[in-house]
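K.L.:
Provided below: protein38.pdb, containing PDB, C-alpha atoms, pLDDT in the B column.
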MODEL        1
ATOM      1  CA  MET A   1      66.330 -50.274-112.400  1.00 89.00           C
ATOM      2  CA  GLN A   2      68.764 -52.770-110.938  1.00 96.00           C
ATOM      3  CA  TYR A   3      69.152 -54.069-107.381  1.00 98.00           C
ATOM      4  CA  ALA A   4      72.321 -54.199-105.314  1.00 98.00           C
ATOM      5  CA  THR A   5      72.975 -56.220-102.183  1.00 98.00           C
ATOM      6  CA  LEU A   6      75.622 -54.844 -99.828  1.00 98.00           C
ATOM      7  CA  ARG A   7      77.034 -56.416 -96.663  1.00 98.00           C
ATOM      8  CA  PHE A   8      78.445 -54.144 -93.957  1.00 98.00           C
ATOM      9  CA  THR A   9      80.702 -55.152 -91.083  1.00 98.00           C
ATOM     10  CA  PRO A  10      79.317 -54.971 -87.548  1.00 98.00           C
ATOM     11  CA  GLU A  11      81.328 -51.759 -87.009  1.00 97.00           C
ATOM     12  CA  ALA A  12      79.752 -50.035 -89.999  1.00 97.00           C
ATOM     13  CA  ALA A  13      76.324 -51.538 -89.324  1.00 97.00           C
ATOM     14  CA  GLN A  14      75.825 -49.372 -86.236  1.00 94.00           C
ATOM     15  CA  TRP A  15      75.900 -46.286 -88.490  1.00 94.00           C
ATOM     16  CA  VAL A  16      74.409 -47.631 -91.702  1.00 96.00           C
ATOM     17  CA  ARG A  17      71.256 -48.980 -90.058  1.00 94.00           C
ATOM     18  CA  HIS A  18      70.189 -45.362 -89.449  1.00 94.00           C
ATOM     19  CA  GLU A  19      70.849 -44.201 -93.018  1.00 95.00           C
ATOM     20  CA  GLN A  20      68.336 -44.140 -95.833  1.00 96.00           C
ATOM     21  CA  TRP A  21      70.067 -44.758 -99.132  1.00 96.00           C
ATOM     22  CA  HIS A  22      66.779 -45.343-100.963  1.00 96.00           C
ATOM     23  CA  PRO A  23      63.112 -45.305 -99.857  1.00 96.00           C
ATOM     24  CA  GLN A  24      62.701 -48.932-101.008  1.00 97.00           C
ATOM     25  CA  GLN A  25      65.812 -50.327 -99.300  1.00 97.00           C
ATOM     26  CA  GLN A  26      65.544 -53.545 -97.308  1.00 97.00           C
ATOM     27  CA  VAL A  27      67.833 -54.010 -94.320  1.00 97.00           C
ATOM     28  CA  ALA A  28      68.613 -57.148 -92.301  1.00 97.00           C
ATOM     29  CA  VAL A  29      70.875 -57.373 -89.255  1.00 97.00           C
ATOM     30  CA  HIS A  30      72.639 -60.729 -88.900  1.00 98.00           C
ATOM     31  CA  GLY A  31      73.589 -62.646 -85.767  1.00 97.00           C
ATOM     32  CA  ASP A  32      77.214 -61.540 -86.038  1.00 98.00           C
ATOM     33  CA  GLY A  33      76.142 -57.874 -86.067  1.00 97.00           C
ATOM     34  CA  SER A  34      76.766 -57.358 -89.779  1.00 98.00           C
ATOM     35  CA  LEU A  35      74.057 -55.780 -91.893  1.00 98.00           C
ATOM     36  CA  SER A  36      72.776 -56.564 -95.380  1.00 98.00           C
ATOM     37  CA  MET A  37      71.103 -53.900 -97.471  1.00 98.00           C
ATOM     38  CA  LYS A  38      69.226 -54.547-100.705  1.00 98.00           C
ATOM     39  CA  LEU A  39      68.328 -51.462-102.686  1.00 98.00           C
ATOM     40  CA  PRO A  40      67.383 -50.411-106.193  1.00 98.00           C
ATOM     41  CA  TYR A  41      69.679 -48.126-108.161  1.00 97.00           C
ATOM     42  CA  ALA A  42      69.811 -46.553-111.585  1.00 96.00           C
ATOM     43  CA  ASP A  43      73.338 -45.108-111.669  1.00 95.00           C
ATOM     44  CA  ALA A  44      76.198 -47.473-110.757  1.00 96.00           C
ATOM     45  CA  THR A  45      78.712 -44.625-110.507  1.00 95.00           C
ATOM     46  CA  GLU A  46      76.613 -42.738-107.946  1.00 95.00           C
ATOM     47  CA  LEU A  47      76.034 -45.875-105.863  1.00 97.00           C
ATOM     48  CA  SER A  48      79.740 -46.776-106.091  1.00 97.00           C
ATOM     49  CA  MET A  49      80.683 -43.434-104.549  1.00 96.00           C
ATOM     50  CA  ASP A  50      78.348 -44.122-101.614  1.00 96.00           C
ATOM     51  CA  ILE A  51      79.796 -47.619-101.218  1.00 98.00           C
ATOM     52  CA  LEU A  52      83.416 -46.432-101.417  1.00 97.00           C
ATOM     53  CA  ARG A  53      83.028 -44.056 -98.485  1.00 96.00           C
ATOM     54  CA  HIS A  54      82.695 -47.170 -96.302  1.00 97.00           C
ATOM     55  CA  GLY A  55      86.031 -48.562 -97.529  1.00 94.00           C
ATOM     56  CA  SER A  56      86.868 -52.011 -96.212  1.00 95.00           C
ATOM     57  CA  GLN A  57      83.724 -52.167 -94.098  1.00 98.00           C
ATOM     58  CA  VAL A  58      81.412 -53.091 -96.975  1.00 98.00           C
ATOM     59  CA  VAL A  59      81.270 -55.747 -99.682  1.00 98.00           C
ATOM     60  CA  VAL A  60      79.068 -55.686-102.776  1.00 98.00           C
ATOM     61  CA  GLU A  61      77.443 -59.123-102.837  1.00 98.00           C
ATOM     62  CA  SER A  62      75.548 -58.449-106.062  1.00 98.00           C
ATOM     63  CA  PRO A  63      75.449 -57.639-108.878  1.00 98.00           C
ATOM     64  CA  LYS A  64      78.842 -58.838-110.038  1.00 98.00           C
ATOM     65  CA  ALA A  65      79.355 -55.853-112.376  1.00 97.00           C
ATOM     66  CA  LEU A  66      78.930 -53.380-109.512  1.00 98.00           C
ATOM     67  CA  ALA A  67      81.290 -55.405-107.310  1.00 98.00           C
ATOM     68  CA  GLU A  68      83.887 -55.334-110.078  1.00 98.00           C
ATOM     69  CA  GLN A  69      83.491 -51.563-110.542  1.00 97.00           C
ATOM     70  CA  VAL A  70      84.080 -50.960-106.823  1.00 98.00           C
ATOM     71  CA  ARG A  71      87.002 -53.409-106.776  1.00 97.00           C
ATOM     72  CA  ALA A  72      88.680 -51.703-109.746  1.00 97.00           C
ATOM     73  CA  THR A  73      88.303 -48.288-108.124  1.00 96.00           C
ATOM     74  CA  LEU A  74      89.812 -49.526-104.855  1.00 95.00           C
ATOM     75  CA  LEU A  75      92.765 -51.107-106.666  1.00 95.00           C
ATOM     76  CA  GLN A  76      93.381 -47.895-108.588  1.00 95.00           C
ATOM     77  CA  ALA A  77      93.282 -45.901-105.345  1.00 93.00           C
ATOM     78  CA  ALA A  78      95.698 -48.318-103.641  1.00 93.00           C
ATOM     79  CA  ARG A  79      98.149 -47.978-106.542  1.00 94.00           C
ATOM     80  CA  ARG A  80      98.270 -44.221-105.941  1.00 92.00           C
ATOM     81  CA  TYR A  81      99.716 -44.904-102.484  1.00 91.00           C
ATOM     82  CA  GLU A  82     102.389 -47.410-103.549  1.00 89.00           C
ATOM     83  CA  GLY A  83     105.809 -46.123-102.652  1.00 74.00           C
ATOM     84  CA  SER A  84     104.509 -43.271-100.499  1.00 69.00           C
ATOM     85  CA  ALA A  85     105.047 -43.307 -96.751  1.00 61.00           C
TER
ENDMDL
END
Have the structure of the file written as structure tokens, please.
P.N.:
Amino acid sequence: MQYATLRFTPEAAQWVRHEQWHPQQQVAVHGDGSLSMKLPYADATELSMDILRHGSQVVVESPKALAEQVRATLLQAARRYEGSA
């Protein structure tokens, strides 16, 4: 089991603070209204899908490998939209 630390913007924090991603999650609200969540996970792909639904309103602070997986997925998605519009 690994642990991830996520940081949500104040806008997302108002929704995320009411969600239970894992029974052992730890949540902290910061002075600027943002929210940090530390939670255990076993499957990086499953957790990435949960993270990605929050788009630009979340950052994976740790671990680095999970942050890179989310980053790569977002870049791939952005490339799909190049030239459209």
K.L.:
To verify the selection step, state as a VMD selection string which residues the PyMOL selection byres ((chain A and resi 70-73) around 9) yields on this input.
P.N.:
chain A and resid 48 to 49 51 to 52 60 65 to 69 74 to 78
K.L.:
For the provided coordinates, the residues matched by the PyMOL selection byres ((chain A and resi 10) around 12) should be stated as a compact mmCIF listing (two decimals) with C-alpha atoms, in the frame of the given file.
P.N.:
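As a result, part_1.txt now contains:
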# COMPACT_ATOMS: atom_id res chain seq x y z
CA ARG A 7 77.03 -56.42 -96.66
CA PHE A 8 78.44 -54.14 -93.96
CA THR A 9 80.70 -55.15 -91.08
CA GLU A 11 81.33 -51.76 -87.01
CA ALA A 12 79.75 -50.04 -90.00
CA ALA A 13 76.32 -51.54 -89.32
CA GLN A 14 75.82 -49.37 -86.24
CA TRP A 15 75.90 -46.29 -88.49
CA VAL A 16 74.41 -47.63 -91.70
CA ARG A 17 71.26 -48.98 -90.06
CA ALA A 28 68.61 -57.15 -92.30
CA VAL A 29 70.88 -57.37 -89.26
CA HIS A 30 72.64 -60.73 -88.90
CA GLY A 31 73.59 -62.65 -85.77
CA ASP A 32 77.21 -61.54 -86.04
CA GLY A 33 76.14 -57.87 -86.07
CA SER A 34 76.77 -57.36 -89.78
CA LEU A 35 74.06 -55.78 -91.89
CA SER A 36 72.78 -56.56 -95.38
CA SER A 56 86.87 -52.01 -96.21
CA GLN A 57 83.72 -52.17 -94.10
CA VAL A 58 81.41 -53.09 -96.98
K.L.:
By how many Å are atom CA of A:Thr5 and atom CA of A:Arg79 apart?
P.N.:
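Atom CA of A:Thr5 sits 26.8 Å away from atom CA of A:Arg79.
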K.L.:
Just to confirm, what's the straight-line distance from atom CA of A:Glu61 to atom CA of A:Gln25 in Å (one decimal)?
P.N.:
15.0 Å
K.L.:
Could you tell me how far atom CA of A:Gly55 sits from atom CA of A:His22, in Å to one decimal place?
P.N.:
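Separating atom CA of A:His22 from atom CA of A:Gly55 is a distance of 19.8 Å.
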K.L.:
To box stretch 24-34 of chain A, take all atoms listed in the file, fit an axis-aligned box, add 8 Å on each side, and give centre and edge lengths in Å to one decimal, as AutoDock Vina command-line options.
P.N.:
--center_x 70.0 --center_y -55.8 --center_z -93.4 --size_x 30.5 --size_y 29.7 --size_z 31.2
K.L.:
Would you mind telling me which residue in A:His54, A:Gln26, A:Ser62, A:Ala42 lies nearest to A:Ala4 when using all atoms listed in the file?
P.N.:
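For A:Ala4, the nearest of the candidates is A:Ser62.
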K.L.:
Using all atoms listed in the file, which of the listed residues (A:Val59, A:Met1, A:Val27, A:Leu6) sits closest to A:Pro40?
P.N.:
A:Met1
K.L.:
A:Leu39, A:Lys64, A:Gln2, A:Glu46: which is nearest A:Gln20, counting only C-alpha atoms?
P.N.:
A:Leu39
K.L.:
Taking (73.6, -44.4, -101.1) in the file's coordinates, which residues come within 6 Å, counting all atoms listed in the file, written as a list in words?
P.N.:
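Here is the list of nearby residues: Trp21, Leu47 and Asp50 of chain A.
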K.L.:
Generate the output file for the selected residues, C-alpha atoms, as a short mmCIF file (atom, residue, chain, number, x, y, z; two decimals), in the frame of the given file.
P.N.:
data_model
loop_
_atom_site.label_atom_id
_atom_site.label_comp_id
_atom_site.auth_asym_id
_atom_site.auth_seq_id
_atom_site.Cartn_x
_atom_site.Cartn_y
_atom_site.Cartn_z
CA TRP A 21 70.07 -44.76 -99.13
CA LEU A 47 76.03 -45.88 -105.86
CA ASP A 50 78.35 -44.12 -101.61
#
